[in-house]
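K.L.:
One file is attached below, model_3.cif, containing mmCIF, C-alpha atoms, pLDDT in the B column; chains and numbers go by the auth columns.
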```
data_run
loop_
_atom_site.group_PDB
_atom_site.id
_atom_site.type_symbol
_atom_site.label_atom_id
_atom_site.label_comp_id
_atom_site.label_asym_id
_atom_site.label_seq_id
_atom_site.Cartn_x
_atom_site.Cartn_y
_atom_site.Cartn_z
_atom_site.B_iso_or_equiv
_atom_site.auth_seq_id
_atom_site.auth_asym_id
ATOM 1 C CA MET A 1 29.965 88.304 85.929 38.00 1 A
ATOM 2 C CA TYR A 2 30.819 91.523 87.709 42.00 2 A
ATOM 3 C CA LYS A 3 34.345 92.514 88.542 44.00 3 A
ATOM 4 C CA ILE A 4 34.089 93.325 92.218 43.00 4 A
ATOM 5 C CA SER A 5 34.689 96.985 92.928 46.00 5 A
ATOM 6 C CA ILE A 6 34.375 97.004 96.679 41.00 6 A
ATOM 7 C CA ILE A 7 37.879 98.009 97.720 39.00 7 A
ATOM 8 C CA ALA A 8 39.159 98.204 101.257 38.00 8 A
ATOM 9 C CA LEU A 9 36.318 95.843 101.780 39.00 9 A
ATOM 10 C CA LEU A 10 34.959 96.313 105.230 39.00 10 A
ATOM 11 C CA LEU A 11 36.535 97.811 108.261 40.00 11 A
ATOM 12 C CA ILE A 12 34.461 96.749 111.225 37.00 12 A
ATOM 13 C CA LEU A 13 35.940 98.602 114.140 38.00 13 A
ATOM 14 C CA THR A 14 36.417 95.709 116.550 41.00 14 A
ATOM 15 C CA SER A 15 38.797 92.810 117.042 42.00 15 A
ATOM 16 C CA CYS A 16 39.334 90.413 114.154 48.00 16 A
ATOM 17 C CA SER A 17 38.310 87.053 115.584 59.00 17 A
ATOM 18 C CA SER A 18 36.819 84.303 113.422 64.00 18 A
ATOM 19 C CA LYS A 19 33.385 85.505 114.530 66.00 19 A
ATOM 20 C CA GLN A 20 34.263 88.984 113.265 68.00 20 A
ATOM 21 C CA LYS A 21 35.467 87.575 109.941 69.00 21 A
ATOM 22 C CA LYS A 22 32.093 85.861 109.510 74.00 22 A
ATOM 23 C CA LYS A 23 30.356 89.180 110.229 73.00 23 A
ATOM 24 C CA LYS A 24 32.515 90.924 107.628 78.00 24 A
ATOM 25 C CA GLU A 25 31.730 88.236 105.080 83.00 25 A
ATOM 26 C CA GLY A 26 28.017 88.576 105.868 84.00 26 A
ATOM 27 C CA VAL A 27 28.110 92.339 105.352 87.00 27 A
ATOM 28 C CA TYR A 28 30.131 91.890 102.144 87.00 28 A
ATOM 29 C CA ASN A 29 27.660 89.307 100.820 89.00 29 A
ATOM 30 C CA SER A 30 24.697 91.574 101.593 90.00 30 A
ATOM 31 C CA LEU A 31 26.345 94.484 99.763 91.00 31 A
ATOM 32 C CA PHE A 32 27.407 92.314 96.827 90.00 32 A
ATOM 33 C CA SER A 33 23.845 91.019 96.388 93.00 33 A
ATOM 34 C CA HIS A 34 22.833 94.654 95.710 93.00 34 A
ATOM 35 C CA ILE A 35 25.900 95.679 93.683 91.00 35 A
ATOM 36 C CA THR A 36 23.900 96.211 90.469 93.00 36 A
ATOM 37 C CA LYS A 37 21.579 98.728 92.172 94.00 37 A
ATOM 38 C CA ILE A 38 24.575 100.450 93.761 93.00 38 A
ATOM 39 C CA ARG A 39 26.461 100.650 90.453 92.00 39 A
ATOM 40 C CA ASN A 40 23.402 102.084 88.721 94.00 40 A
ATOM 41 C CA CYS A 41 23.825 105.144 90.951 93.00 41 A
ATOM 42 C CA TRP A 42 26.829 106.272 88.913 93.00 42 A
ATOM 43 C CA ALA A 43 26.485 104.313 85.650 92.00 43 A
ATOM 44 C CA LYS A 44 24.893 107.194 83.706 90.00 44 A
ATOM 45 C CA GLU A 45 27.511 109.682 84.907 90.00 45 A
ATOM 46 C CA LEU A 46 30.276 107.231 84.017 88.00 46 A
ATOM 47 C CA TYR A 47 28.842 106.823 80.516 88.00 47 A
ATOM 48 C CA THR A 48 28.610 110.592 79.989 89.00 48 A
ATOM 49 C CA ARG A 49 32.069 111.051 81.535 86.00 49 A
ATOM 50 C CA ARG A 50 30.885 113.209 84.418 87.00 50 A
ATOM 51 C CA VAL A 51 32.760 110.767 86.630 90.00 51 A
ATOM 52 C CA LEU A 52 35.821 108.660 85.866 90.00 52 A
ATOM 53 C CA LYS A 53 36.633 105.032 86.603 88.00 53 A
ATOM 54 C CA THR A 54 39.270 106.251 89.036 89.00 54 A
ATOM 55 C CA ASP A 55 36.700 108.155 91.121 91.00 55 A
ATOM 56 C CA SER A 56 35.149 106.530 94.175 92.00 56 A
ATOM 57 C CA ILE A 57 32.789 106.939 97.096 93.00 57 A
ATOM 58 C CA VAL A 58 33.574 106.098 100.705 93.00 58 A
ATOM 59 C CA ALA A 59 30.442 105.203 102.627 93.00 59 A
ATOM 60 C CA GLY A 60 30.238 104.820 106.368 93.00 60 A
ATOM 61 C CA PHE A 61 27.305 103.475 108.320 94.00 61 A
ATOM 62 C CA ALA A 62 26.292 101.616 111.444 94.00 62 A
ATOM 63 C CA ILE A 63 24.506 98.277 111.411 94.00 63 A
ATOM 64 C CA GLU A 64 22.099 98.123 114.320 94.00 64 A
ATOM 65 C CA LYS A 65 21.205 94.976 116.270 93.00 65 A
ATOM 66 C CA SER A 66 18.166 94.513 114.017 94.00 66 A
ATOM 67 C CA GLY A 67 20.366 94.503 110.885 93.00 67 A
ATOM 68 C CA LYS A 68 19.228 97.934 109.704 95.00 68 A
ATOM 69 C CA ALA A 69 21.831 100.388 108.371 94.00 69 A
ATOM 70 C CA THR A 70 21.770 103.782 110.119 94.00 70 A
ATOM 71 C CA LYS A 71 23.993 106.860 110.495 95.00 71 A
ATOM 72 C CA LEU A 72 24.868 106.796 106.786 95.00 72 A
ATOM 73 C CA LYS A 73 27.579 109.161 105.561 95.00 73 A
ATOM 74 C CA GLY A 74 29.366 109.384 102.245 94.00 74 A
ATOM 75 C CA GLU A 75 32.186 111.263 100.570 94.00 75 A
ATOM 76 C CA ILE A 76 32.982 111.205 96.863 94.00 76 A
ATOM 77 C CA ALA A 77 36.575 111.547 95.666 90.00 77 A
ATOM 78 C CA GLY A 78 36.849 113.455 92.401 87.00 78 A
ATOM 79 C CA ALA A 79 37.597 117.182 92.276 85.00 79 A
ATOM 80 C CA HIS A 80 36.200 117.531 88.735 91.00 80 A
ATOM 81 C CA ILE A 81 32.726 116.236 89.689 92.00 81 A
ATOM 82 C CA SER A 82 30.068 118.923 90.089 92.00 82 A
ATOM 83 C CA PRO A 83 28.471 119.298 93.540 93.00 83 A
ATOM 84 C CA ARG A 84 25.074 118.421 92.047 93.00 84 A
ATOM 85 C CA THR A 85 26.373 115.157 90.561 93.00 85 A
ATOM 86 C CA LYS A 86 28.170 114.297 93.813 94.00 86 A
ATOM 87 C CA LYS A 87 24.988 114.844 95.790 95.00 87 A
ATOM 88 C CA ARG A 88 22.894 112.742 93.393 94.00 88 A
ATOM 89 C CA ILE A 89 25.323 109.798 93.461 94.00 89 A
ATOM 90 C CA LYS A 90 25.837 109.997 97.230 95.00 90 A
ATOM 91 C CA ASN A 91 22.102 110.083 97.962 96.00 91 A
ATOM 92 C CA CYS A 92 21.477 107.162 95.623 95.00 92 A
ATOM 93 C CA VAL A 93 24.266 104.971 97.085 95.00 93 A
ATOM 94 C CA LEU A 94 23.360 105.737 100.694 96.00 94 A
ATOM 95 C CA GLY A 95 19.666 105.292 99.951 96.00 95 A
ATOM 96 C CA THR A 96 20.338 101.880 98.422 96.00 96 A
ATOM 97 C CA ILE A 97 22.438 100.818 101.414 95.00 97 A
ATOM 98 C CA SER A 98 19.705 101.985 103.798 95.00 98 A
ATOM 99 C CA TYR A 99 17.281 99.472 102.252 95.00 99 A
ATOM 100 C CA ILE A 100 19.630 96.486 102.606 95.00 100 A
ATOM 101 C CA GLN A 101 18.677 94.149 105.439 94.00 101 A
ATOM 102 C CA PHE A 102 21.895 92.923 107.061 93.00 102 A
ATOM 103 C CA ALA A 103 22.032 89.944 109.412 89.00 103 A
ATOM 104 C CA PRO A 104 20.928 90.708 112.969 90.00 104 A
ATOM 105 C CA ARG A 105 23.782 91.040 115.476 87.00 105 A
ATOM 106 C CA SER A 106 24.350 91.198 119.201 88.00 106 A
ATOM 107 C CA LYS A 107 25.624 94.799 119.131 89.00 107 A
ATOM 108 C CA ARG A 108 25.907 97.722 116.719 90.00 108 A
ATOM 109 C CA ASP A 109 28.817 97.570 114.262 88.00 109 A
ATOM 110 C CA ASP A 110 30.395 100.505 112.416 90.00 110 A
ATOM 111 C CA VAL A 111 31.311 99.859 108.786 90.00 111 A
ATOM 112 C CA ALA A 112 33.313 101.780 106.173 89.00 112 A
ATOM 113 C CA ILE A 113 33.542 100.753 102.518 89.00 113 A
ATOM 114 C CA ARG A 114 35.103 102.236 99.420 90.00 114 A
ATOM 115 C CA LEU A 115 33.400 101.732 96.056 89.00 115 A
ATOM 116 C CA ASN A 116 35.309 102.532 92.868 89.00 116 A
ATOM 117 C CA PHE A 117 33.317 103.783 89.883 87.00 117 A
ATOM 118 C CA GLU A 118 34.585 101.096 87.508 82.00 118 A
#
```
Would you mind writing the file out in structure tokens?
P.N.:
Amino acid sequence: MYKISIIALLLILTSCSSKQKKKKEGVYNSLFSHITKIRNCWAKELYTRRVLKTDSIVAGFAIEKSGKATKLKGEIAGAHISPRTKKRIKNCVLGTISYIQFAPRSKRDDVAIRLNFE
């Protein structure tokens, strides 16, 4: 079983009603169902020590009404990581998130997550 590495889980930029909590849980569950693919983005670099377990990526994206992730952005924390490695990991993580089908919603939601490389 995987130790969950999604920290600062989800920050949906709206009020925190019970409906919002259900949305957050839905987004979390969708991401968790793809956690192996997401982790594979940095697994090789972790093994070869190009990245450390303390490094992380912060990904931001919007979930449209249809459930599609758009406006993907990412930033990797780790000053020792080469720009090429950062770009490869970022593109892989954001590409994986772009293929996830989230639950449809009544309006667009903005999401930010932090993934530790552990």
K.L.:
Name the closest residue to Arg88 of chain A among the candidates A:Ile57, A:Ile35, A:Cys41, A:Ile63; distances are taken between atoms, counting only C-alpha atoms.
P.N.:
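Smallest separation from Arg88 of chain A among the options: A:Cys41.
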K.L.:
From the set A:Asn116, A:Ser30, A:Ser82, A:Thr70, which residue has the shortest atom-to-atom contact distance to Gly95 of chain A, counting only C-alpha atoms?
P.N.:
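Closest to Gly95 of chain A of all the choices is A:Thr70.
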K.L.:
Take the PyMOL selection byres ((chain A and resi 91) around 12), run it mentally on this structure, and tell me the resulting residues as a ChimeraX atom specification.
P.N.:
/A:38,41-42,57,59,72-76,84-90,92-98
K.L.:
Quick one: of A:Ser56, A:Ser66, A:Thr48, A:Gln101, who's nearest to Asn29 of chain A, counting only C-alpha atoms?
P.N.:
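When distances to Asn29 of chain A are compared using only C-alpha atoms, the smallest one comes from A:Gln101.
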K.L.:
Would you compute the distance between atom CA of Leu46 of chain A and atom CA of Ile113 of chain A? Give it in Å to one decimal.
P.N.:
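It comes out at 19.9 Å.
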K.L.:
Can you turn the PyMOL selection byres ((chain A and resi 65) around 9) into a concrete residue list for this file, as an MDAnalysis selection string?
P.N.:
chainID A and resid 63:64 66:68 103:109
K.L.:
Given the choices A:Glu45, A:Phe117, A:Lys37, A:Thr54, which gets closest to Tyr99 of chain A if the distance is worked out from only C-alpha atoms?
P.N.:
A:Lys37
K.L.:
Rounded to one decimal in Å, what is the spacing between atom CA of Ser33 of chain A and atom CA of Pro83 of chain A?
P.N.:
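Atom-to-atom, atom CA of Ser33 of chain A to atom CA of Pro83 of chain A, that is 28.8 Å.
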K.L.:
Between atom CA of Phe102 of chain A and atom CA of Ala62 of chain A, what is the distance in Å, rounded to a tenth?
P.N.:
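If I compute the distance from atom CA of Phe102 of chain A to atom CA of Ala62 of chain A, I get 10.7 Å.
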